[in-house]
Amino acid sequence: MTDLFYVYFLLSHVIFLLGLYCVISQRNLIKIVIGIEIMGKAVILNFITAGYYQNNTGVSQAIVMTAILIDVIMVAVMLALVVNVFRLNKGIFTDEIAGLKG
């Protein structure tokens, strides 16, 4: 394995942990969505790194394109939910929506 593989592999893990910290520590729903996006980008970087290391970039590109598509759909749904929560409660903090019943 090359040193560059280790650097990118470690970088993807650091980015994932930063996104996870953002999801855990924030109360604002928009910031939580951004943290989930950061975690998704770290997974994509990990797929690219693994595909490059195994000299199988075609499969990794296909997986990355699928992951990007799923990521975009997921963000659209999450932001639509945030907009609906804002319309109902006039706030986007997790403390304000904890009492919702459905």
# chains A, B, ... in the order shown; residues from 1 in each chain; ligands from 1
call {"tool": "residues_around", "arguments": {"residues": "Glu96 (chain A)", "least_positions_apart": "3", "cutoff": "12 Å", "atoms": "only C-alpha atoms", "output": "VMD selection string"}}
result
chain A and resid 27 to 29 85 to 86 88 to 93 99 to 100
call {"tool": "residues_around", "arguments": {"residues": "Gln26 (chain A)", "least_positions_apart": "6", "cutoff": "10 Å", "atoms": "only C-alpha atoms", "output": "PDB file with C-alpha atoms, in the first residue's frame"}}
result
ATOM      1  CA  ILE A  32     -27.768  18.263  11.407  1.00  0.00           C
ATOM      2  CA  GLY A  35     -23.477  16.974   9.219  1.00  0.00           C
ATOM      3  CA  PHE A  93     -34.520  23.402  16.884  1.00  0.00           C
ATOM      4  CA  THR A  94     -34.751  19.845  18.155  1.00  0.00           C
TER       5      THR A  94
END
call {"tool": "residues_around", "arguments": {"residues": "Tyr8 (chain A)", "least_positions_apart": "6", "cutoff": "8 Å", "atoms": "only C-alpha atoms", "output": "list of chain:residue names"}}
result
A:Leu45, A:Asn46, A:Thr49
call {"tool": "residues_around", "arguments": {"residues": "Val33 (chain A)", "least_positions_apart": "6", "cutoff": "9 Å", "atoms": "only C-alpha atoms", "output": "list in words"}}
result
Val23, Val75, Met78 and Leu79 of chain A
call {"tool": "residues_around", "arguments": {"residues": "Ile48 (chain A)", "least_positions_apart": "6", "cutoff": "9 Å", "atoms": "only C-alpha atoms", "output": "JSON, numbers by chain"}}
result
{"A": [57, 60, 61, 63, 64]}
call {"tool": "select_by_dssp", "arguments": {"residues": "chain A", "states": "helix (DSSP H, G or I)", "output": "PyMOL selection string"}}
result
chain A and resi 3-25+29-53+57-89
call {"tool": "atom_distance", "arguments": {"atom1": "CA of Tyr21 (chain A)", "atom2": "CA of Arg87 (chain A)"}}
result
27.4 Å
call {"tool": "closest_residue", "arguments": {"among": "A:Ala76, A:Val14, A:Met65, A:Ala50", "to": "Ile34 (chain A)", "atoms": "only C-alpha atoms"}}
result
A:Ala76
call {"tool": "closest_residue", "arguments": {"among": "A:Ile24, A:Ile15, A:Val72, A:Leu4", "to": "Ile38 (chain A)", "atoms": "only C-alpha atoms"}}
result
A:Ile15
call {"tool": "atom_distance", "arguments": {"atom1": "CA of Ala67 (chain A)", "atom2": "CA of Phe16 (chain A)"}}
result
15.1 Å
